[in-house]
file protein_27.cif (mmCIF, C-alpha atoms)
data_work
#
loop_
_atom_site.group_PDB
_atom_site.id
_atom_site.type_symbol
_atom_site.label_atom_id
_atom_site.label_comp_id
_atom_site.auth_asym_id
_atom_site.auth_seq_id
_atom_site.Cartn_x
_atom_site.Cartn_y
_atom_site.Cartn_z
ATOM 1 C CA MET A 184 24.566 21.029 51.179
ATOM 2 C CA VAL A 185 21.303 22.659 50.120
ATOM 3 C CA SER A 186 21.229 26.405 50.669
ATOM 4 C CA PRO A 187 18.148 27.936 52.278
ATOM 5 C CA GLY A 188 15.951 30.149 50.160
ATOM 6 C CA ILE A 189 12.494 31.210 49.036
ATOM 7 C CA LEU A 190 11.302 29.929 45.674
ATOM 8 C CA LEU A 191 8.291 31.224 43.765
ATOM 9 C CA VAL A 192 6.439 28.516 41.850
ATOM 10 C CA ASP A 193 3.567 28.900 39.378
ATOM 11 C CA LYS A 194 1.300 25.979 40.271
ATOM 12 C CA PRO A 195 -0.663 24.492 37.371
ATOM 13 C CA ALA A 196 -4.231 23.237 37.644
ATOM 14 C CA GLY A 197 -4.598 19.619 38.725
ATOM 15 C CA LEU A 198 -1.773 19.542 41.236
ATOM 16 C CA THR A 199 -2.191 20.026 44.966
ATOM 17 C CA SER A 200 0.096 22.356 46.889
ATOM 18 C CA HIS A 201 1.548 19.254 48.535
ATOM 19 C CA ASP A 202 2.354 17.862 45.074
ATOM 20 C CA VAL A 203 4.423 20.978 44.367
ATOM 21 C CA VAL A 204 6.211 20.642 47.710
ATOM 22 C CA ALA A 205 6.982 16.989 46.920
ATOM 23 C CA ARG A 206 8.420 17.913 43.522
ATOM 24 C CA THR A 207 10.513 20.658 45.109
ATOM 25 C CA ARG A 208 11.884 18.189 47.650
ATOM 26 C CA ARG A 209 12.985 15.882 44.849
ATOM 27 C CA ALA A 210 14.481 18.708 42.787
ATOM 28 C CA PHE A 211 16.521 20.109 45.691
ATOM 29 C CA GLY A 212 17.265 16.836 47.452
ATOM 30 C CA THR A 213 15.887 17.842 50.830
ATOM 31 C CA ARG A 214 12.853 17.018 52.950
ATOM 32 C CA LYS A 215 12.803 20.456 54.554
ATOM 33 C CA VAL A 216 10.394 22.240 52.218
ATOM 34 C CA GLY A 217 7.133 24.028 52.986
ATOM 35 C CA HIS A 218 4.765 26.578 51.461
ATOM 36 C CA ALA A 219 3.044 29.786 52.549
ATOM 37 C CA GLY A 220 -0.627 29.185 51.795
ATOM 38 C CA THR A 221 -2.518 26.353 50.108
ATOM 39 C CA LEU A 222 -3.980 26.559 46.610
ATOM 40 C CA ASP A 223 -6.810 24.194 45.668
ATOM 41 C CA PRO A 224 -6.068 21.674 42.881
ATOM 42 C CA MET A 225 -8.351 23.632 40.519
ATOM 43 C CA ALA A 226 -6.465 26.881 41.193
ATOM 44 C CA THR A 227 -3.303 28.032 39.494
ATOM 45 C CA GLY A 228 -0.710 30.593 40.372
ATOM 46 C CA LEU A 229 1.725 31.664 43.010
ATOM 47 C CA LEU A 230 3.022 29.317 45.681
ATOM 48 C CA VAL A 231 5.738 30.711 47.923
ATOM 49 C CA ILE A 232 8.026 27.808 48.790
ATOM 50 C CA GLY A 233 10.543 27.784 51.645
ATOM 51 C CA ILE A 234 13.616 25.541 51.433
ATOM 52 C CA GLU A 235 15.771 24.395 54.367
ATOM 53 C CA GLY A 236 16.133 27.096 57.060
ATOM 54 C CA ALA A 237 14.074 29.550 55.025
ATOM 55 C CA THR A 238 10.962 27.548 55.955
ATOM 56 C CA ARG A 239 11.134 29.578 59.170
ATOM 57 C CA LEU A 240 10.278 32.658 57.119
ATOM 58 C CA LEU A 241 6.991 31.211 55.891
ATOM 59 C CA THR A 242 5.309 32.178 59.163
ATOM 60 C CA TYR A 243 5.879 35.824 58.247
ATOM 61 C CA ILE A 244 4.806 35.425 54.614
ATOM 62 C CA VAL A 245 1.623 33.378 55.022
ATOM 63 C CA GLY A 246 -0.287 36.300 56.554
ATOM 64 C CA ALA A 247 0.426 38.671 53.662
ATOM 65 C CA ASP A 248 -2.403 40.050 51.547
ATOM 66 C CA LYS A 249 -3.204 38.137 48.352
ATOM 67 C CA THR A 250 -4.356 39.052 44.848
ATOM 68 C CA TYR A 251 -6.448 36.723 42.683
ATOM 69 C CA THR A 252 -8.028 36.733 39.262
ATOM 70 C CA ALA A 253 -11.139 34.573 39.091
ATOM 71 C CA THR A 254 -14.222 33.667 37.094
ATOM 72 C CA ILE A 255 -17.538 33.521 38.940
ATOM 73 C CA ARG A 256 -20.355 31.641 37.243
ATOM 74 C CA LEU A 257 -23.816 32.876 38.179
ATOM 75 C CA GLY A 258 -26.740 30.527 37.763
ATOM 76 C CA ALA A 259 -25.763 27.412 39.695
ATOM 77 C CA THR A 260 -24.805 26.409 43.233
ATOM 78 C CA THR A 261 -22.411 23.512 43.858
ATOM 79 C CA THR A 262 -21.470 21.409 46.862
ATOM 80 C CA THR A 263 -17.944 22.839 46.907
ATOM 81 C CA ASP A 264 -18.675 26.405 45.778
ATOM 82 C CA ASP A 265 -16.515 25.715 42.735
ATOM 83 C CA ALA A 266 -16.676 23.773 39.468
ATOM 84 C CA GLU A 267 -15.315 20.577 41.033
ATOM 85 C CA GLY A 268 -18.459 20.016 43.095
ATOM 86 C CA GLU A 269 -21.845 18.637 42.161
ATOM 87 C CA THR A 270 -24.542 21.073 41.096
ATOM 88 C CA VAL A 271 -27.252 21.239 43.744
ATOM 89 C CA ALA A 272 -29.413 24.078 42.403
ATOM 90 C CA THR A 273 -29.856 26.098 39.217
ATOM 91 C CA ALA A 274 -31.536 29.422 38.677
ATOM 92 C CA ALA A 275 -35.128 29.634 37.572
ATOM 93 C CA PRO A 276 -35.556 31.509 34.250
ATOM 94 C CA SER A 277 -37.571 34.213 35.979
ATOM 95 C CA ALA A 278 -34.760 34.927 38.422
ATOM 96 C CA TRP A 279 -32.531 36.411 35.729
ATOM 97 C CA ASP A 280 -34.683 39.503 35.310
ATOM 98 C CA ALA A 281 -33.220 40.892 38.528
ATOM 99 C CA VAL A 282 -29.582 40.247 37.532
ATOM 100 C CA THR A 283 -28.854 43.644 36.032
ATOM 101 C CA ASP A 284 -25.474 45.343 35.800
ATOM 102 C CA GLY A 285 -26.540 47.534 38.688
ATOM 103 C CA ALA A 286 -27.539 44.562 40.841
ATOM 104 C CA ILE A 287 -24.206 42.870 40.163
ATOM 105 C CA ALA A 288 -22.346 46.056 41.035
ATOM 106 C CA ASP A 289 -24.344 46.378 44.273
ATOM 107 C CA GLY A 290 -23.630 42.748 45.151
ATOM 108 C CA ILE A 291 -19.914 43.198 44.591
ATOM 109 C CA ARG A 292 -19.911 46.411 46.601
ATOM 110 C CA ALA A 293 -21.582 44.642 49.526
ATOM 111 C CA LEU A 294 -18.764 42.084 49.533
ATOM 112 C CA THR A 295 -16.025 44.733 49.516
ATOM 113 C CA GLY A 296 -14.344 46.085 52.630
ATOM 114 C CA THR A 297 -14.276 44.364 55.996
ATOM 115 C CA ILE A 298 -16.902 41.633 55.842
ATOM 116 C CA SER A 299 -18.022 38.564 57.780
ATOM 117 C CA GLN A 300 -17.447 35.476 55.651
ATOM 118 C CA VAL A 301 -18.350 31.819 56.167
ATOM 119 C CA PRO A 302 -15.566 29.695 54.620
ATOM 120 C CA SER A 303 -16.474 26.942 52.188
ATOM 121 C CA SER A 304 -17.165 23.641 53.914
ATOM 122 C CA VAL A 305 -14.461 22.020 51.775
ATOM 123 C CA SER A 306 -11.751 24.393 52.964
ATOM 124 C CA ALA A 307 -8.516 23.307 54.642
ATOM 125 C CA ILE A 308 -9.655 24.681 58.010
ATOM 126 C CA LYS A 309 -9.312 22.115 60.772
ATOM 127 C CA VAL A 310 -12.376 21.042 62.751
ATOM 128 C CA ASP A 311 -11.450 19.065 65.875
ATOM 129 C CA GLY A 312 -8.087 18.201 64.364
ATOM 130 C CA ARG A 313 -9.322 17.163 60.908
ATOM 131 C CA ARG A 314 -9.487 19.206 57.718
ATOM 132 C CA ALA A 315 -13.019 20.334 56.882
ATOM 133 C CA TYR A 316 -12.755 18.884 53.366
ATOM 134 C CA ASP A 317 -11.837 15.459 54.791
ATOM 135 C CA ARG A 318 -14.954 15.521 56.965
ATOM 136 C CA VAL A 319 -17.152 16.506 53.987
ATOM 137 C CA ARG A 320 -15.676 13.709 51.860
ATOM 138 C CA ALA A 321 -16.447 11.284 54.686
ATOM 139 C CA GLY A 322 -20.113 12.253 54.451
ATOM 140 C CA GLU A 323 -20.225 14.586 57.450
ATOM 141 C CA GLU A 324 -22.124 17.872 57.388
ATOM 142 C CA VAL A 325 -19.735 20.703 58.129
ATOM 143 C CA VAL A 326 -20.729 24.292 58.886
ATOM 144 C CA LEU A 327 -17.801 26.543 59.651
ATOM 145 C CA ALA A 328 -17.918 29.649 61.822
ATOM 146 C CA SER A 329 -17.881 33.017 60.094
ATOM 147 C CA ARG A 330 -14.716 35.065 60.228
ATOM 148 C CA GLU A 331 -13.859 38.678 59.553
ATOM 149 C CA VAL A 332 -11.842 39.252 56.381
ATOM 150 C CA THR A 333 -10.961 42.304 54.328
ATOM 151 C CA VAL A 334 -11.603 42.548 50.604
ATOM 152 C CA SER A 335 -9.818 45.752 49.633
ATOM 153 C CA ARG A 336 -10.512 45.366 45.909
ATOM 154 C CA PHE A 337 -13.265 43.453 44.110
ATOM 155 C CA ASP A 338 -13.351 44.631 40.496
ATOM 156 C CA LEU A 339 -15.462 43.299 37.664
ATOM 157 C CA ILE A 340 -13.305 43.026 34.539
ATOM 158 C CA ALA A 341 -15.698 41.351 32.090
ATOM 159 C CA ARG A 342 -19.196 39.870 31.862
ATOM 160 C CA ARG A 343 -20.156 37.070 29.467
ATOM 161 C CA ASP A 344 -23.792 35.992 29.121
ATOM 162 C CA ALA A 345 -24.938 32.513 28.064
ATOM 163 C CA ASP A 346 -28.325 30.808 27.971
ATOM 164 C CA ALA A 347 -28.207 29.391 31.498
ATOM 165 C CA ASN A 348 -25.482 31.394 33.224
ATOM 166 C CA ILE A 349 -23.449 34.568 33.413
ATOM 167 C CA ASP A 350 -19.670 34.458 33.818
ATOM 168 C CA LEU A 351 -17.954 37.311 35.642
ATOM 169 C CA ASP A 352 -14.191 37.804 35.396
ATOM 170 C CA VAL A 353 -12.979 39.576 38.544
ATOM 171 C CA VAL A 354 -9.834 40.719 40.339
ATOM 172 C CA VAL A 355 -9.719 40.504 44.128
ATOM 173 C CA ASP A 356 -7.213 41.949 46.609
ATOM 174 C CA CYS A 357 -7.851 40.493 50.051
ATOM 175 C CA SER A 358 -6.487 39.654 53.446
ATOM 176 C CA SER A 359 -5.059 36.252 54.218
ATOM 177 C CA GLY A 360 -7.806 33.745 54.996
ATOM 178 C CA THR A 361 -10.302 35.121 52.489
ATOM 179 C CA TYR A 362 -12.032 32.468 50.375
ATOM 180 C CA ILE A 363 -12.762 33.523 46.800
ATOM 181 C CA ARG A 364 -15.128 30.544 46.453
ATOM 182 C CA SER A 365 -17.162 32.028 49.282
ATOM 183 C CA LEU A 366 -17.317 35.385 47.498
ATOM 184 C CA ALA A 367 -18.672 33.590 44.418
ATOM 185 C CA ARG A 368 -21.223 31.692 46.516
ATOM 186 C CA ASP A 369 -22.343 34.786 48.411
ATOM 187 C CA LEU A 370 -22.598 36.986 45.322
ATOM 188 C CA GLY A 371 -24.757 34.373 43.592
ATOM 189 C CA ALA A 372 -26.945 34.022 46.672
ATOM 190 C CA ALA A 373 -27.427 37.795 46.954
ATOM 191 C CA LEU A 374 -28.492 37.942 43.308
ATOM 192 C CA GLY A 375 -30.928 35.058 43.788
ATOM 193 C CA VAL A 376 -29.429 32.820 41.094
ATOM 194 C CA GLY A 377 -26.638 31.009 42.910
ATOM 195 C CA GLY A 378 -22.970 31.139 42.065
ATOM 196 C CA HIS A 379 -19.710 29.238 42.116
ATOM 197 C CA LEU A 380 -16.113 29.603 41.028
ATOM 198 C CA THR A 381 -14.950 28.184 37.682
ATOM 199 C CA ALA A 382 -11.399 29.581 37.574
ATOM 200 C CA LEU A 383 -8.961 30.945 40.145
ATOM 201 C CA ARG A 384 -5.405 32.211 39.823
ATOM 202 C CA ARG A 385 -3.272 33.727 42.582
ATOM 203 C CA THR A 386 -1.068 36.455 41.154
ATOM 204 C CA HIS A 387 0.459 38.028 44.262
ATOM 205 C CA VAL A 388 1.346 37.116 47.842
ATOM 206 C CA GLY A 389 2.339 40.367 49.471
ATOM 207 C CA ASP A 390 5.122 41.798 47.308
ATOM 208 C CA PHE A 391 5.795 38.461 45.580
ATOM 209 C CA ASP A 392 4.558 38.299 41.961
ATOM 210 C CA VAL A 393 3.694 35.199 39.951
ATOM 211 C CA ALA A 394 5.481 36.837 37.009
ATOM 212 C CA ASP A 395 8.731 36.012 38.842
ATOM 213 C CA ALA A 396 7.776 32.382 39.477
ATOM 214 C CA VAL A 397 9.153 29.232 37.845
ATOM 215 C CA SER A 398 7.041 26.424 36.456
ATOM 216 C CA VAL A 399 6.951 23.003 38.113
ATOM 217 C CA ASP A 400 8.819 21.659 35.083
ATOM 218 C CA SER A 401 11.677 24.091 35.735
ATOM 219 C CA LEU A 402 12.374 23.237 39.373
ATOM 220 C CA ASP A 403 15.652 21.503 38.545
ATOM 221 C CA GLY A 404 18.247 24.248 38.433
ATOM 222 C CA ALA A 405 15.900 26.939 39.764
ATOM 223 C CA VAL A 406 17.621 29.518 41.951
ATOM 224 C CA PRO A 407 15.701 30.545 45.089
ATOM 225 C CA ALA A 408 15.925 34.034 46.540
ATOM 226 C CA SER A 409 18.170 34.265 49.583
ATOM 227 C CA PRO A 410 16.477 34.449 52.974
ATOM 228 C CA ALA A 411 17.644 38.059 53.316
ATOM 229 C CA ALA A 412 16.285 39.095 49.907
ATOM 230 C CA ALA A 413 12.948 37.447 50.654
ATOM 231 C CA ALA A 414 12.642 38.769 54.216
ATOM 232 C CA VAL A 415 13.049 42.426 53.259
ATOM 233 C CA ARG A 416 10.164 42.059 50.783
ATOM 234 C CA VAL A 417 7.752 41.322 53.623
ATOM 235 C CA LEU A 418 9.293 43.191 56.565
ATOM 236 C CA PRO A 419 11.241 46.395 57.192
ATOM 237 C CA ARG A 420 15.020 46.002 57.049
ATOM 238 C CA LEU A 421 17.194 46.499 60.142
ATOM 239 C CA ASP A 422 20.931 46.601 59.513
ATOM 240 C CA VAL A 423 22.895 45.249 62.472
ATOM 241 C CA THR A 424 26.591 45.190 63.282
ATOM 242 C CA ALA A 425 28.579 41.990 63.682
ATOM 243 C CA GLU A 426 28.374 42.381 67.457
ATOM 244 C CA GLU A 427 24.598 42.920 67.365
ATOM 245 C CA ALA A 428 24.186 39.934 65.069
ATOM 246 C CA ARG A 429 26.134 37.775 67.500
ATOM 247 C CA ASP A 430 24.045 38.980 70.431
ATOM 248 C CA LEU A 431 20.776 38.250 68.609
ATOM 249 C CA ARG A 432 21.932 34.770 67.670
ATOM 250 C CA HIS A 433 22.805 34.125 71.312
ATOM 251 C CA GLY A 434 19.387 35.255 72.515
ATOM 252 C CA LYS A 435 20.466 38.643 73.846
ATOM 253 C CA ARG A 436 18.368 41.758 73.459
ATOM 254 C CA LEU A 437 19.510 44.890 71.675
ATOM 255 C CA SER A 438 19.052 47.420 74.449
ATOM 256 C CA GLY A 439 17.285 50.644 73.486
ATOM 257 C CA ALA A 440 17.121 49.654 69.818
ATOM 258 C CA ALA A 441 13.324 49.558 69.405
ATOM 259 C CA ALA A 442 13.323 53.105 68.064
ATOM 260 C CA ARG A 443 15.270 51.868 65.034
ATOM 261 C CA VAL A 444 12.243 49.852 63.855
ATOM 262 C CA ASP A 445 9.010 51.446 62.640
ATOM 263 C CA GLY A 446 6.744 48.392 62.811
ATOM 264 C CA ALA A 447 6.419 45.567 65.312
ATOM 265 C CA LEU A 448 8.835 43.318 63.420
ATOM 266 C CA ALA A 449 11.902 43.722 61.226
ATOM 267 C CA ALA A 450 14.370 41.594 59.284
ATOM 268 C CA ALA A 451 17.821 41.871 60.864
ATOM 269 C CA ILE A 452 20.533 41.891 58.180
ATOM 270 C CA ASP A 453 24.217 41.626 59.109
ATOM 271 C CA ASP A 454 27.286 43.260 57.543
ATOM 272 C CA ASP A 455 27.593 40.421 55.022
ATOM 273 C CA GLY A 456 24.029 40.940 53.802
ATOM 274 C CA ASP A 457 22.789 37.733 55.437
ATOM 275 C CA LEU A 458 19.560 37.357 57.379
ATOM 276 C CA VAL A 459 20.255 36.987 61.086
ATOM 277 C CA GLY A 460 16.582 36.546 61.879
ATOM 278 C CA ILE A 461 13.361 38.396 62.630
ATOM 279 C CA VAL A 462 13.364 40.799 65.566
ATOM 280 C CA GLU A 463 10.452 42.166 67.560
ATOM 281 C CA LYS A 464 10.004 45.043 69.965
ATOM 282 C CA ARG A 465 10.017 44.406 73.689
ATOM 283 C CA GLY A 466 9.593 47.748 75.352
ATOM 284 C CA ALA A 467 12.573 49.880 74.364
ATOM 285 C CA ASP A 468 14.545 46.809 73.284
ATOM 286 C CA LEU A 469 14.645 44.445 70.357
ATOM 287 C CA LYS A 470 14.806 40.679 70.705
ATOM 288 C CA SER A 471 14.824 37.774 68.298
ATOM 289 C CA ALA A 472 11.446 36.351 67.318
ATOM 290 C CA MET A 473 13.156 33.915 64.947
ATOM 291 C CA ASN A 474 16.811 33.199 64.224
ATOM 292 C CA MET A 475 18.130 31.663 61.065
ATOM 293 C CA PRO A 476 20.419 28.667 61.558
ATOM 294 C CA GLU A 477 23.959 30.033 61.884
ATOM 295 C CA SER A 478 25.260 27.671 59.224
ATOM 296 C CA ALA A 479 22.856 29.317 56.789
ATOM 297 C CA ALA A 480 23.554 32.868 57.803
#

call {"tool": "encode", "arguments": {"input": "protein_27.cif", "output": "structure tokens"}}
result
Amino acid sequence: MVSPGILLVDKPAGLTSHDVVARTRRAFGTRKVGHAGTLDPMATGLLVIGIEGATRLLTYIVGADKTYTATIRLGATTTTDDAEGETVATAAPSAWDAVTDGAIADGIRALTGTISQVPSSVSAIKVDGRRAYDRVRAGEEVVLASREVTVSRFDLIARRDADANIDLDVVVDCSSGTYIRSLARDLGAALGVGGHLTALRRTHVGDFDVADAVSVDSLDGAVPASPAAAAVRVLPRLDVTAEEARDLRHGKRLSGAAARVDGALAAAIDDDGDLVGIVEKRGADLKSAMNMPESAA
């Protein structure tokens, strides 16, 4: 029997997130595998994979903040806002005079904080039940609604100048749902020369670090983190007695226990160190928002 757990995988370029899920299914011999947040084929880095009952935890991981390293190329606009698309416009030679260090810094500053962002038209967002990128590939024109996101860090690490472009290496800390391709597009537009993404790597999802991830070639024999160990990295820990654990698993509330939890949610851990489930506040009480399968507890 396959034990539930959370596995960190370092996705290489060229594979889709679904490819990594498929490989994980084969390696662990189970169909019940999912991930907490898609990475484009061009992108590399951290995929948080849930196996068996731990897939229930992905709901609480997918909304965590993310950290990316990226390279933004100024000087050209593409159909996909990244290097995989076709170039649709290039900067006029005269436009580069305005692209000073100060202008770049101002452009980055304007895209930092809580901002309104229009996702790339080739994102995985669904439009009337179909992924936006599927509609674009079918020849449809897709314009997505803007959304509010938070970019808490947007740091320029290096600048490299070439004849027809400028490459900017950046680090971005952002809320879930932020599109780094859109930051590249919008920075290039603000500078009047266009921009797109040429490299993207996700290094963190919440407290999970790509440095702790396994490669796709090392999936066989990889040891996932237990549901309990993973849950307490994204939520506060609530230790419960055997009786409380039994009540939660049977759908009963823990009367008057809300004061034991600081946030809205917590990971309930029983006396054996196993994850009972995720609890939420209901008035003065706590109730289960999600229970782990008892066979996996």

call {"tool": "atom_distance", "arguments": {"input": "protein_27.cif", "atom1": "atom CA of A:Pro476", "atom2": "atom CA of A:Gly236"}}
result
6.4 Å

call {"tool": "residues_around", "arguments": {"input": "protein_27.cif", "residues": "A:Ala210", "least_positions_apart": "2", "cutoff": "9 Å", "atoms": "all atoms listed in the file", "output": "list in words"}}
result
Ala205, Arg206, Thr207, Arg208, Gly212, Thr213, Leu402, Asp403, Gly404 and Ala405 of chain A

call {"tool": "closest_residue", "arguments": {"input": "protein_27.cif", "among": "A:Ser398, A:Thr424, A:Ser359, A:Asn348", "to": "A:Gly228", "atoms": "all atoms listed in the file"}}
result
A:Ser398

call {"tool": "closest_residue", "arguments": {"input": "protein_27.cif", "among": "A:Ala196, A:Leu257, A:Cys357, A:Leu327", "to": "A:Asp369", "atoms": "all atoms listed in the file"}}
result
A:Leu257

call {"tool": "resolve_selection", "arguments": {"input": "protein_27.cif", "expression": "the PyMOL selection byres ((chain A and resi 248) around 8)", "output": "list in words"}}
result
Gly246, Ala247, Lys249, Thr250, Asp356, Cys357, Ser358, Ser359, Val388 and Gly389 of chain A

call {"tool": "atom_distance", "arguments": {"input": "protein_27.cif", "atom1": "atom CA of A:Gly296", "atom2": "atom CA of A:Asp352"}}
result
19.1 Å

call {"tool": "residues_around", "arguments": {"input": "protein_27.cif", "residues": "A:Arg432", "least_positions_apart": "5", "cutoff": "8 Å", "atoms": "only C-alpha atoms", "output": "list in words"}}
result
Val459, Ser471, Asn474 and Glu477 of chain A

call {"tool": "resolve_selection", "arguments": {"input": "protein_27.cif", "expression": "the PyMOL selection byres ((chain A and resi 412) around 9)", "output": "count of residues only"}}
result
13

call {"tool": "closest_residue", "arguments": {"input": "protein_27.cif", "among": "A:Gly268, A:Gly258, A:Gly290, A:Gly460", "to": "A:Arg239", "atoms": "all atoms listed in the file"}}
result
A:Gly460

call {"tool": "atom_distance", "arguments": {"input": "protein_27.cif", "atom1": "atom CA of A:Glu235", "atom2": "atom CA of A:Asp422"}}
result
23.4 Å

call {"tool": "resolve_selection", "arguments": {"input": "protein_27.cif", "expression": "the PyMOL selection byres ((chain A and resi 241) around 10)", "output": "list of chain:residue names"}}
result
A:Ile189, A:Gly217, A:His218, A:Ala219, A:Gly220, A:Val231, A:Ile232, A:Gly233, A:Ile234, A:Ala237, A:Thr238, A:Arg239, A:Leu240, A:Thr242, A:Tyr243, A:Ile244, A:Val245, A:Gly246, A:Ala414

call {"tool": "write_last_selection", "arguments": {"input": "protein_27.cif", "atoms": "C-alpha atoms", "output": "PDB file, in the frame of the given file"}}
result
ATOM      1  CA  ILE A 189      12.494  31.210  49.036  1.00  0.00           C
ATOM      2  CA  GLY A 217       7.133  24.028  52.986  1.00  0.00           C
ATOM      3  CA  HIS A 218       4.765  26.578  51.461  1.00  0.00           C
ATOM      4  CA  ALA A 219       3.044  29.786  52.549  1.00  0.00           C
ATOM      5  CA  GLY A 220      -0.627  29.185  51.795  1.00  0.00           C
ATOM      6  CA  VAL A 231       5.738  30.711  47.923  1.00  0.00           C
ATOM      7  CA  ILE A 232       8.026  27.808  48.790  1.00  0.00           C
ATOM      8  CA  GLY A 233      10.543  27.784  51.645  1.00  0.00           C
ATOM      9  CA  ILE A 234      13.616  25.541  51.433  1.00  0.00           C
ATOM     10  CA  ALA A 237      14.074  29.550  55.025  1.00  0.00           C
ATOM     11  CA  THR A 238      10.962  27.548  55.955  1.00  0.00           C
ATOM     12  CA  ARG A 239      11.134  29.578  59.170  1.00  0.00           C
ATOM     13  CA  LEU A 240      10.278  32.658  57.119  1.00  0.00           C
ATOM     14  CA  THR A 242       5.309  32.178  59.163  1.00  0.00           C
ATOM     15  CA  TYR A 243       5.879  35.824  58.247  1.00  0.00           C
ATOM     16  CA  ILE A 244       4.806  35.425  54.614  1.00  0.00           C
ATOM     17  CA  VAL A 245       1.623  33.378  55.022  1.00  0.00           C
ATOM     18  CA  GLY A 246      -0.287  36.300  56.554  1.00  0.00           C
ATOM     19  CA  ALA A 414      12.642  38.769  54.216  1.00  0.00           C
TER      20      ALA A 414
END
